[in-house]
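Below is the file protein.cif, which contains mmCIF, C-alpha atoms.
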data_model
loop_
_atom_site.label_atom_id
_atom_site.label_comp_id
_atom_site.auth_asym_id
_atom_site.auth_seq_id
_atom_site.Cartn_x
_atom_site.Cartn_y
_atom_site.Cartn_z
CA MET N 1 -39.35 15.29 18.33
CA LYS N 2 -41.31 12.12 19.21
CA ALA N 3 -41.80 11.35 15.51
CA THR N 4 -38.09 11.79 14.88
CA ALA N 5 -37.23 9.37 17.70
CA GLN N 6 -39.66 6.82 16.28
CA THR N 7 -38.08 7.18 12.84
CA VAL N 8 -34.60 6.66 14.25
CA THR N 9 -35.73 3.54 16.10
CA HIS N 10 -37.44 2.17 13.02
CA VAL N 11 -34.39 2.69 10.80
CA LEU N 12 -32.15 1.00 13.37
CA GLN N 13 -34.52 -1.97 13.56
CA VAL N 14 -34.59 -2.30 9.77
CA GLY N 15 -30.81 -2.02 9.59
CA LEU N 16 -30.34 -4.64 12.28
CA ALA N 17 -32.70 -7.05 10.55
CA LEU N 18 -30.96 -6.60 7.22
CA ALA N 19 -27.57 -7.07 8.85
CA VAL N 20 -28.69 -10.31 10.51
CA ALA N 21 -30.01 -11.62 7.21
CA THR N 22 -26.78 -10.70 5.49
CA ALA N 23 -24.67 -12.36 8.17
CA LEU N 24 -26.74 -15.55 8.04
CA SER N 25 -26.30 -15.72 4.27
CA GLY N 26 -22.56 -16.14 4.74
CA ARG N 27 -21.25 -12.59 4.61
CA ALA N 28 -17.46 -12.52 4.53
CA VAL N 29 -15.84 -10.27 7.10
CA ASN N 30 -13.01 -8.12 5.73
CA ALA N 31 -11.86 -10.99 3.54
CA GLN N 32 -9.72 -8.88 1.23
CA PRO N 33 -6.33 -10.16 0.06
CA GLU N 34 -5.13 -6.68 -0.89
CA PRO N 35 -5.29 -3.24 0.74
CA SER N 36 -8.59 -1.41 0.36
CA THR N 37 -9.07 2.30 -0.31
CA HIS N 38 -11.34 4.67 1.58
CA GLU N 39 -12.02 8.29 0.56
CA PHE N 40 -12.87 11.27 2.77
CA LEU N 41 -14.81 14.08 1.09
CA LEU N 42 -13.40 17.62 0.92
CA VAL N 43 -14.99 20.94 0.01
CA PRO N 44 -15.59 21.02 -3.77
CA ASN N 45 -12.72 22.35 -5.90
CA SER N 46 -10.22 22.30 -3.03
CA GLN N 47 -7.55 20.71 -5.23
CA ALA N 48 -5.67 18.91 -2.47
CA ALA N 49 -2.05 18.67 -3.62
CA ALA N 50 0.51 17.35 -1.11
CA ILE N 51 0.20 15.53 2.21
CA VAL N 52 2.43 14.68 5.17
CA SER N 53 2.21 13.08 8.59
CA GLY N 54 2.32 15.91 11.12
CA PRO N 55 3.86 16.24 14.59
CA ASP N 56 0.41 16.08 16.22
CA GLY N 57 -0.53 12.61 14.97
CA ASN N 58 -2.72 13.96 12.15
CA LEU N 59 -2.21 14.27 8.39
CA TRP N 60 -1.59 17.77 6.98
CA PHE N 61 -2.23 18.69 3.36
CA THR N 62 -2.23 21.66 1.01
CA GLU N 63 -5.26 22.90 -0.93
CA PHE N 64 -4.02 24.57 -4.10
CA ASN N 65 -7.30 26.08 -5.28
CA SER N 66 -8.92 26.79 -1.89
CA ASN N 67 -5.69 28.45 -0.72
CA ARG N 68 -5.74 26.61 2.58
CA ILE N 69 -3.79 24.21 4.72
CA GLY N 70 -5.90 21.29 5.87
CA THR N 71 -5.52 18.66 8.55
CA ILE N 72 -7.32 15.35 8.82
CA THR N 73 -7.35 12.92 11.72
CA VAL N 74 -6.90 9.21 11.05
CA ASN N 75 -10.66 8.93 11.68
CA GLY N 76 -11.41 11.43 8.91
CA PHE N 77 -12.27 14.62 10.79
CA LEU N 78 -11.17 17.74 8.90
CA THR N 79 -9.94 21.21 9.89
CA GLU N 80 -8.84 23.93 7.45
CA PHE N 81 -6.80 27.11 7.83
CA ASP N 82 -6.85 30.03 5.38
CA ILE N 83 -3.59 31.43 3.99
CA SER N 84 -3.49 35.24 4.09
CA THR N 85 -1.68 35.59 0.75
CA ALA N 86 -4.27 35.23 -2.03
CA THR N 87 -3.66 32.60 -4.75
CA ALA N 88 -0.42 31.55 -3.05
CA GLY N 89 -0.18 28.33 -5.05
CA VAL N 90 0.42 26.10 -2.03
CA GLY N 91 2.21 22.94 -3.08
CA HIS N 92 4.51 20.66 -1.10
CA ILE N 93 4.44 20.22 2.67
CA VAL N 94 6.69 18.71 5.34
CA ALA N 95 6.86 18.28 9.11
CA GLY N 96 9.60 20.57 10.36
CA PRO N 97 12.27 19.96 13.01
CA ASP N 98 10.70 22.67 15.18
CA GLY N 99 7.37 20.91 15.75
CA ASN N 100 5.60 22.94 13.06
CA VAL N 101 4.53 22.12 9.52
CA TRP N 102 6.19 23.91 6.58
CA PHE N 103 4.93 24.35 3.02
CA THR N 104 5.85 25.97 -0.27
CA GLU N 105 3.91 28.68 -2.11
CA SER N 106 4.88 28.31 -5.76
CA ALA N 107 2.91 31.31 -7.05
CA ALA N 108 3.61 33.71 -4.19
CA ASN N 109 7.32 32.80 -3.99
CA LYS N 110 7.08 32.21 -0.25
CA ILE N 111 7.67 29.51 2.31
CA GLY N 112 4.95 29.06 4.90
CA ARG N 113 5.05 27.79 8.46
CA ILE N 114 1.96 26.67 10.35
CA THR N 115 1.82 25.71 14.01
CA PRO N 116 -0.29 22.74 15.17
CA GLY N 117 -2.78 25.34 16.37
CA GLY N 118 -3.11 26.90 12.91
CA ASP N 119 -1.03 30.09 13.19
CA ILE N 120 0.61 30.81 9.82
CA THR N 121 3.78 32.78 9.09
CA GLU N 122 5.10 33.38 5.57
CA PHE N 123 8.67 34.10 4.46
CA PRO N 124 9.52 35.48 0.98
CA THR N 125 12.14 33.59 -1.01
CA PRO N 126 15.44 35.35 -1.86
CA THR N 127 14.94 34.89 -5.61
CA ASN N 128 11.79 36.07 -7.37
CA PRO N 129 10.47 34.24 -9.26
CA SER N 130 11.78 31.09 -7.62
CA GLN N 131 8.73 28.78 -7.80
CA PRO N 132 9.48 26.81 -4.63
CA SER N 133 8.49 23.17 -5.04
CA GLY N 134 9.56 20.20 -2.91
CA ILE N 135 10.57 20.77 0.71
CA ALA N 136 12.34 18.54 3.24
CA ALA N 137 13.48 18.67 6.86
CA GLY N 138 17.25 18.33 6.84
CA PRO N 139 19.42 16.44 9.32
CA ASP N 140 21.02 19.77 10.29
CA GLY N 141 17.83 21.13 11.88
CA ASN N 142 16.96 23.34 8.91
CA LEU N 143 14.42 23.14 6.11
CA TRP N 144 15.55 22.71 2.49
CA PHE N 145 13.48 23.35 -0.62
CA ALA N 146 13.86 23.07 -4.37
CA ALA N 147 13.33 26.30 -6.35
CA MET N 148 12.35 25.34 -9.91
CA ASP N 149 12.50 28.76 -11.57
CA GLY N 150 15.42 29.86 -9.43
CA ASN N 151 17.28 26.63 -10.28
CA GLN N 152 18.46 26.51 -6.68
CA ILE N 153 18.38 24.46 -3.53
CA VAL N 154 17.58 26.78 -0.64
CA ARG N 155 18.21 26.34 3.07
CA VAL N 156 15.71 27.82 5.54
CA THR N 157 16.38 28.11 9.25
CA PRO N 158 13.45 27.61 11.65
CA SER N 159 13.39 31.40 12.04
CA GLY N 160 12.97 31.87 8.28
CA ILE N 161 16.48 32.96 7.22
CA MET N 162 17.26 31.64 3.72
CA THR N 163 20.46 30.85 1.84
CA SER N 164 20.47 29.76 -1.82
CA PHE N 165 22.79 27.34 -3.61
CA SER N 166 22.76 27.14 -7.42
CA VAL N 167 22.26 23.85 -9.22
CA PRO N 168 25.22 23.28 -11.60
CA THR N 169 23.08 22.44 -14.64
CA PRO N 170 21.53 25.77 -15.78
CA THR N 171 18.29 24.14 -16.89
CA GLY N 172 18.01 21.60 -14.08
CA ARG N 173 14.74 22.88 -12.57
CA PRO N 174 14.88 20.97 -9.26
CA PHE N 175 11.50 19.63 -8.19
CA GLY N 176 11.44 17.03 -5.39
CA ILE N 177 13.82 16.82 -2.43
CA THR N 178 14.39 14.40 0.46
CA VAL N 179 16.98 13.30 2.99
CA GLY N 180 18.93 10.24 1.92
CA PRO N 181 20.15 7.34 4.06
CA ASP N 182 23.64 8.89 3.86
CA GLY N 183 22.50 12.10 5.59
CA ASN N 184 22.69 14.16 2.39
CA LEU N 185 19.92 16.00 0.56
CA TRP N 186 18.87 14.32 -2.69
CA PHE N 187 16.73 16.05 -5.29
CA THR N 188 15.28 15.54 -8.74
CA GLU N 189 16.01 17.77 -11.72
CA TYR N 190 12.83 17.67 -13.77
CA THR N 191 14.25 19.27 -16.90
CA GLY N 192 17.90 18.42 -16.32
CA ASN N 193 17.02 14.71 -16.24
CA GLN N 194 19.33 14.15 -13.31
CA ILE N 195 19.36 13.34 -9.63
CA GLY N 196 21.28 15.81 -7.47
CA GLN N 197 23.03 15.40 -4.15
CA LEU N 198 23.96 18.10 -1.63
CA ALA N 199 25.77 17.67 1.69
CA PRO N 200 24.32 20.03 4.35
CA ALA N 201 27.83 20.52 5.75
CA ASN N 202 29.16 21.54 2.33
CA PRO N 203 26.15 22.90 0.42
CA GLY N 204 28.21 24.82 -2.12
CA THR N 205 29.29 21.56 -3.76
CA ILE N 206 26.47 19.75 -5.53
CA ALA N 207 26.90 16.38 -7.26
CA GLU N 208 24.68 15.39 -10.19
CA PHE N 209 23.93 11.89 -11.48
CA PRO N 210 22.49 11.73 -15.01
CA LEU N 211 19.65 9.35 -15.76
CA PRO N 212 19.70 7.10 -18.85
CA PRO N 213 19.18 9.07 -22.09
CA GLY N 214 15.62 10.28 -22.57
CA ASP N 215 13.11 12.71 -21.13
CA GLN N 216 12.20 10.99 -17.87
CA GLY N 217 10.97 14.04 -15.98
CA PRO N 218 12.04 12.90 -12.49
CA ALA N 219 9.61 14.34 -9.94
CA GLY N 220 9.00 12.92 -6.46
CA ILE N 221 11.83 11.32 -4.47
CA VAL N 222 12.09 9.48 -1.15
CA SER N 223 14.53 7.39 0.85
CA GLY N 224 13.65 3.68 0.88
CA ALA N 225 14.09 1.04 3.54
CA ASP N 226 16.68 -0.69 1.33
CA GLY N 227 19.22 2.13 1.72
CA ALA N 228 18.59 3.64 -1.73
CA LEU N 229 16.63 6.62 -3.09
CA TRP N 230 13.47 6.00 -5.09
CA PHE N 231 11.90 8.50 -7.48
CA THR N 232 9.10 8.86 -10.00
CA GLU N 233 9.64 9.50 -13.71
CA PHE N 234 6.59 11.52 -14.70
CA GLN N 235 7.29 11.56 -18.43
CA ALA N 236 8.88 8.11 -18.86
CA ASN N 237 6.19 6.24 -16.88
CA GLN N 238 8.75 4.56 -14.67
CA ILE N 239 9.90 4.31 -11.06
CA GLY N 240 13.61 4.88 -10.61
CA ARG N 241 16.03 3.70 -7.94
CA ILE N 242 19.42 5.28 -7.31
CA SER N 243 22.01 4.02 -4.85
CA VAL N 244 24.00 6.49 -2.77
CA ASP N 245 26.86 5.71 -5.19
CA GLY N 246 24.78 6.89 -8.14
CA ASP N 247 23.80 3.56 -9.74
CA VAL N 248 20.39 3.90 -11.41
CA THR N 249 17.77 1.20 -12.08
CA GLU N 250 14.39 1.86 -13.69
CA PHE N 251 11.14 -0.10 -13.48
CA ALA N 252 8.28 0.30 -15.98
CA ILE N 253 4.77 0.90 -14.65
CA PRO N 254 2.18 -1.56 -16.08
CA THR N 255 -0.41 1.11 -16.87
CA ALA N 256 0.68 3.13 -19.92
CA ALA N 257 1.03 6.91 -19.61
CA SER N 258 0.11 6.81 -15.93
CA GLN N 259 2.29 9.85 -15.06
CA PRO N 260 3.67 8.84 -11.65
CA MET N 261 3.83 11.95 -9.48
CA GLU N 262 4.86 11.56 -5.82
CA ILE N 263 6.33 8.65 -3.86
CA ALA N 264 6.52 7.67 -0.18
CA ALA N 265 8.00 4.89 1.93
CA GLY N 266 5.29 2.73 3.47
CA SER N 267 5.24 1.06 6.86
CA ASP N 268 5.31 -2.30 5.05
CA GLY N 269 8.82 -1.74 3.66
CA ASN N 270 7.55 -0.99 0.15
CA LEU N 271 7.39 2.26 -1.82
CA TRP N 272 4.00 3.75 -2.69
CA PHE N 273 3.34 6.25 -5.47
CA THR N 274 0.51 8.17 -7.11
CA GLU N 275 -0.41 7.79 -10.77
CA PHE N 276 -1.71 11.21 -11.75
CA GLN N 277 -3.17 10.20 -15.11
CA GLY N 278 -3.59 6.48 -14.43
CA ASN N 279 -5.90 7.22 -11.46
CA ARG N 280 -4.19 4.55 -9.41
CA ILE N 281 -2.02 4.13 -6.36
CA GLY N 282 1.05 2.05 -7.09
CA ARG N 283 3.14 -0.14 -4.83
CA ILE N 284 6.67 -1.22 -5.69
CA THR N 285 8.70 -3.68 -3.64
CA PRO N 286 12.44 -3.22 -3.09
CA GLU N 287 12.86 -5.90 -5.77
CA GLY N 288 10.92 -3.82 -8.27
CA VAL N 289 7.60 -5.69 -8.38
CA ILE N 290 4.75 -3.24 -9.05
CA THR N 291 1.10 -3.64 -8.06
CA GLU N 292 -1.56 -1.03 -8.82
CA PHE N 293 -4.76 -0.20 -6.96
CA PRO N 294 -7.51 1.88 -8.63
CA VAL N 295 -8.78 5.03 -6.93
CA PRO N 296 -12.59 4.79 -6.47
CA THR N 297 -13.31 8.30 -7.81
CA ALA N 298 -12.82 8.51 -11.58
CA ASP N 299 -10.32 11.04 -12.98
CA SER N 300 -9.35 12.09 -9.45
CA LYS N 301 -5.73 12.94 -10.37
CA PRO N 302 -4.01 11.44 -7.29
CA SER N 303 -1.08 13.65 -6.43
CA GLY N 304 0.58 13.69 -2.99
CA ILE N 305 1.21 10.61 -0.87
CA ALA N 306 2.53 9.91 2.62
CA ALA N 307 2.79 7.22 5.26
CA GLY N 308 0.32 8.01 8.03
CA PRO N 309 0.79 7.78 11.80
CA ASP N 310 -1.67 4.87 11.75
CA GLY N 311 0.59 2.76 9.51
CA ASN N 312 -1.62 3.27 6.45
CA VAL N 313 -0.87 5.16 3.22
CA TRP N 314 -2.66 8.46 2.65
CA PHE N 315 -2.95 10.43 -0.58
CA THR N 316 -4.53 13.53 -2.08
CA GLU N 317 -6.80 13.79 -5.10
CA LEU N 318 -6.14 17.04 -6.94
CA MET N 319 -9.39 16.87 -8.93
CA GLY N 320 -11.37 14.29 -6.95
CA ASP N 321 -12.10 16.43 -3.86
CA HIS N 322 -11.01 13.65 -1.51
CA ILE N 323 -8.25 12.60 0.82
CA GLY N 324 -7.67 8.90 0.27
CA ARG N 325 -6.47 6.16 2.62
CA VAL N 326 -5.01 2.83 1.54
CA GLY N 327 -5.53 0.45 4.44
CA LEU N 328 -2.35 -1.54 5.01
CA ASN N 329 -3.78 -2.62 8.36
CA GLY N 330 -7.05 -3.79 6.83
CA PRO N 331 -10.11 -1.90 5.56
CA VAL N 332 -11.77 0.78 7.62
CA CYS N 333 -14.42 -0.28 10.11
CA VAL N 334 -17.48 1.36 8.56
CA GLY N 335 -19.52 2.98 11.31
CA ASP N 336 -16.64 3.43 13.77
CA CYS N 337 -17.36 7.13 14.18
CA ASN N 338 -14.86 7.81 16.95
CA GLY N 339 -12.11 5.55 15.59
CA ASP N 340 -11.83 3.32 18.65
CA GLY N 341 -11.86 0.11 16.59
CA GLY N 342 -15.50 -0.86 17.10
CA VAL N 343 -19.05 0.22 16.32
CA THR N 344 -21.30 1.12 19.25
CA ILE N 345 -24.99 1.97 19.49
CA GLY N 346 -23.89 5.61 19.83
CA ASP N 347 -22.05 5.35 16.51
CA LEU N 348 -25.13 3.86 14.85
CA ILE N 349 -27.33 6.67 16.15
CA VAL N 350 -24.91 9.23 14.68
CA MET N 351 -25.06 7.38 11.34
CA VAL N 352 -28.86 7.27 11.34
CA ASN N 353 -29.16 10.94 12.28
CA SER N 354 -26.74 11.76 9.47
CA SER N 355 -28.80 9.79 6.98
CA LEU N 356 -31.91 11.69 8.11
CA GLY N 357 -30.21 15.06 7.70
CA ILE N 358 -30.22 15.80 11.43
CA LEU N 359 -26.41 15.65 11.27
CA THR N 360 -24.09 15.88 8.27
CA GLY N 361 -22.05 12.99 6.89
CA SER N 362 -18.96 14.67 8.30
CA ALA N 363 -20.19 13.77 11.80
CA CYS N 364 -19.06 10.20 11.08
CA PRO N 365 -16.49 10.15 8.23
CA LEU N 366 -15.87 6.42 8.73
CA GLY N 367 -19.57 5.77 8.23
CA ASP N 368 -19.44 7.28 4.74
CA ALA N 369 -18.09 4.18 3.00
CA ASP N 370 -18.24 5.57 -0.54
CA GLY N 371 -16.90 9.03 0.33
CA ASN N 372 -19.81 10.96 -1.17
CA GLY N 373 -20.54 13.02 1.95
CA LEU N 374 -23.77 11.15 2.71
CA ILE N 375 -24.69 8.11 4.78
CA ASP N 376 -27.30 5.82 3.26
CA VAL N 377 -29.17 2.70 4.39
CA ASN N 378 -26.56 0.33 2.93
CA GLU N 379 -23.85 2.01 4.97
CA ILE N 380 -26.00 1.81 8.10
CA VAL N 381 -26.49 -1.90 7.43
CA GLU N 382 -22.75 -2.36 7.16
CA GLY N 383 -22.27 -0.40 10.38
CA VAL N 384 -24.77 -2.62 12.21
CA ALA N 385 -23.04 -5.74 10.87
CA ASN N 386 -19.70 -4.42 12.05
CA ALA N 387 -21.18 -3.79 15.48
CA MET N 388 -22.30 -7.44 15.58
CA GLU N 389 -19.01 -8.79 14.28
CA ALA N 390 -16.66 -6.44 16.16
CA CYS N 391 -14.97 -5.34 12.92
CA GLN N 392 -12.84 -8.46 12.84
#

Will you turn the file into structure tokens for me?
Amino acid sequence: MKATAQTVTHVLQVGLALAVATALSGRAVNAQPEPSTHEFLLVPNSQAAAIVSGPDGNLWFTEFNSNRIGTITVNGFLTEFDISTATAGVGHIVAGPDGNVWFTESAANKIGRITPGGDITEFPTPTNPSQPSGIAAGPDGNLWFAAMDGNQIVRVTPSGIMTSFSVPTPTGRPFGITVGPDGNLWFTEYTGNQIGQLAPANPGTIAEFPLPPGDQGPAGIVSGADGALWFTEFQANQIGRISVDGDVTEFAIPTAASQPMEIAAGSDGNLWFTEFQGNRIGRITPEGVITEFPVPTADSKPSGIAAGPDGNVWFTELMGDHIGRVGLNGPVCVGDCNGDGGVTIGDLIVMVNSSLGILTGSACPLGDADGNGLIDVNEIVEGVANAMEACQ
């Protein structure tokens, strides 16, 4: 035990000396003109798919391959809950009007509900197979989801009672769904190449707005701060915008064949989207200007995306085994283990003990700057420097 204490002290002294030398050589502090990305490591082969900001102030996400629902705090601490139905094919997820989180099970043809405490209830869909996909919380206090194989939009009450409404186009295959600024439900038709609209008060009447000729493959959809709906075109490599009157504008993504997947409204007034094949996170302004940010892990297949309760943008990596965070409020403070905005001597001790194997890297997710599940000397040095500079 005495030897371990001496080792810890020695590593801290070395880290402090290196940090001082770095600072004296003119180290820039968080001098980044653009948002930076931080990754939090998951269990291998989890295949994190969709993500949403939950009612408890955490992020909730689905794990397609692990067959779990996960939650991550804004400081990077993870909790996972097993789904009782094997190979359920968990996909999209949404915060419900009842204070719970709801998700779709595309393979099991079920809708799941999980409480903030982790209790899961599953409800079978009326049509089998239905392949439930996108899900949204409606303005009427119900949940609404898109059934791709069923070619339906389905209403779910908080108690799990479902009612189905057929999409007019027989081959529409609805995929994403959201609430529009007009209080209606708007959804994408992946095969039908259209955007659909349904009024909760009159769900039997569905309007459809065709996209320009082609095979766009509209997928994710969200309401923007500009009073329009924004959606991804997975096949056409574009971001689309549709007004509540049905006027469509399309914007080409700079990276070819990037396969934009999901889209979310950011706290900065812009729209943020994942590039599944391009391995980037994209940002598009209401004027249509696109900027792309590479994901650190190669071939990670970024999929779901959401605005977090901390004002940052969070995303899933289907093949990268990470949850990612794009820092709109500045980069993470490496070494801030408890997320209070600063690095203390207690945080540094946790980092050192993690680097020595006494603790795991998950004991301080914000100390693991490169998201590899380990904390090394360079990260300790950065933590010490942040303690000296107050993460400014």

| said: Expand the PyMOL selection byres ((chain N and resi 216) around 8) into the explicit residue set it covers here, and present it as a list of chain:residue names. | reply: N:Tyr190, N:Asn193, N:Leu211, N:Gly214, N:Asp215, N:Gly217, N:Pro218, N:Glu233, N:Phe234, N:Gln235, N:Ala236, N:Asn237, N:Gln238

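The space separating CA of Asp98 (chain N) from CA of Leu42 (chain N) comes to 28.5 Å.
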
Go through region 279-366 of chain N and flag each residue having an atom no more than 7 Å from region 44-58 of chain N; for those, report the closest pair of atoms plus their distance in Å to one decimal, using all atoms listed in the file, ordered by chain and rising number, as CSV.
residue,atom,partner,partner_atom,distance
N:Ser303,CA,N:Ala49,CA,5.8
N:Gly304,CA,N:Ala50,CA,4.1
N:Ile305,CA,N:Ile51,CA,5.9
N:Ala306,CA,N:Val52,CA,5.4
N:Ala307,CA,N:Ser53,CA,6.8
N:Gly308,CA,N:Ser53,CA,5.4
N:Pro309,CA,N:Gly57,CA,5.9
N:Phe315,CA,N:Ile51,CA,6.6
N:Thr316,CA,N:Ala48,CA,5.5
N:Glu317,CA,N:Ala48,CA,5.9
N:Leu318,CA,N:Gln47,CA,4.3
N:Met319,CA,N:Gln47,CA,5.6
N:Asp321,CA,N:Pro44,CA,5.8

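Note that the spacing between CA of Val343 (chain N) and CA of Gly330 (chain N) amounts to 15.8 Å.
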
| task | Might you pull out every residue within 12 Å of Leu328 (chain N), with all atoms listed in the file counted and same-chain residues fewer than 2 positions away left off, and present them as an MDAnalysis selection string? | result | chainID N and resid 32:38 266:270 272 283 307:314 325:326 330:332

Those residues with C-alpha atoms, as a short mmCIF file (atom, residue, chain, number, x, y, z; two decimals), keeping the file's coordinate frame please?
data_model
loop_
_atom_site.label_atom_id
_atom_site.label_comp_id
_atom_site.auth_asym_id
_atom_site.auth_seq_id
_atom_site.Cartn_x
_atom_site.Cartn_y
_atom_site.Cartn_z
CA GLN N 32 -9.72 -8.88 1.23
CA PRO N 33 -6.33 -10.16 0.06
CA GLU N 34 -5.13 -6.68 -0.89
CA PRO N 35 -5.29 -3.24 0.74
CA SER N 36 -8.59 -1.41 0.36
CA THR N 37 -9.07 2.30 -0.31
CA HIS N 38 -11.34 4.67 1.58
CA GLY N 266 5.29 2.73 3.47
CA SER N 267 5.24 1.06 6.86
CA ASP N 268 5.31 -2.30 5.05
CA GLY N 269 8.82 -1.74 3.66
CA ASN N 270 7.55 -0.99 0.15
CA TRP N 272 4.00 3.75 -2.69
CA ARG N 283 3.14 -0.14 -4.83
CA ALA N 307 2.79 7.22 5.26
CA GLY N 308 0.32 8.01 8.03
CA PRO N 309 0.79 7.78 11.80
CA ASP N 310 -1.67 4.87 11.75
CA GLY N 311 0.59 2.76 9.51
CA ASN N 312 -1.62 3.27 6.45
CA VAL N 313 -0.87 5.16 3.22
CA TRP N 314 -2.66 8.46 2.65
CA ARG N 325 -6.47 6.16 2.62
CA VAL N 326 -5.01 2.83 1.54
CA GLY N 330 -7.05 -3.79 6.83
CA PRO N 331 -10.11 -1.90 5.56
CA VAL N 332 -11.77 0.78 7.62
#

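With distances restricted to only C-alpha atoms, N:Val334 is the closest residue to Glu389 (chain N) from N:Val244, N:Ile153, N:Met162, N:Val334.
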
| query | What do you get, as a ChimeraX atom specification, if you spell out every residue that the PyMOL selection byres ((chain N and resi 363) around 10) selects here? | reply | /N:76-77,337-338,347,350-351,353-354,359-362,364-368,373

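Look at region 174-185 of chain N: the protein and nucleic acid residues within 7 Å of it, using only C-alpha atoms and passing over chain neighbours fewer than 3 places away, are Ser133, Gly134, Ile135, Ala136, Gly138, Pro139, Phe145, Ala146, Ala147, Met148, Asn151, Thr188, Glu189, Tyr190, Gln197, Leu198, Ala199, Pro200, Ala219, Gly220, Ile221, Val222, Ser223, Gly227 and Leu229 of chain N.
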
| field | Contacts of Thr285 (chain N) within 12 Å, only C-alpha atoms, excl. fewer than 6 positions in-chain, as a ChimeraX atom specification | value | /N:224-226,230,239,241,251,265-266,268-273,291-292

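Taking CA of Phe187 (chain N) as the reference point, CA of Asp119 (chain N) is found at 29.2 Å.
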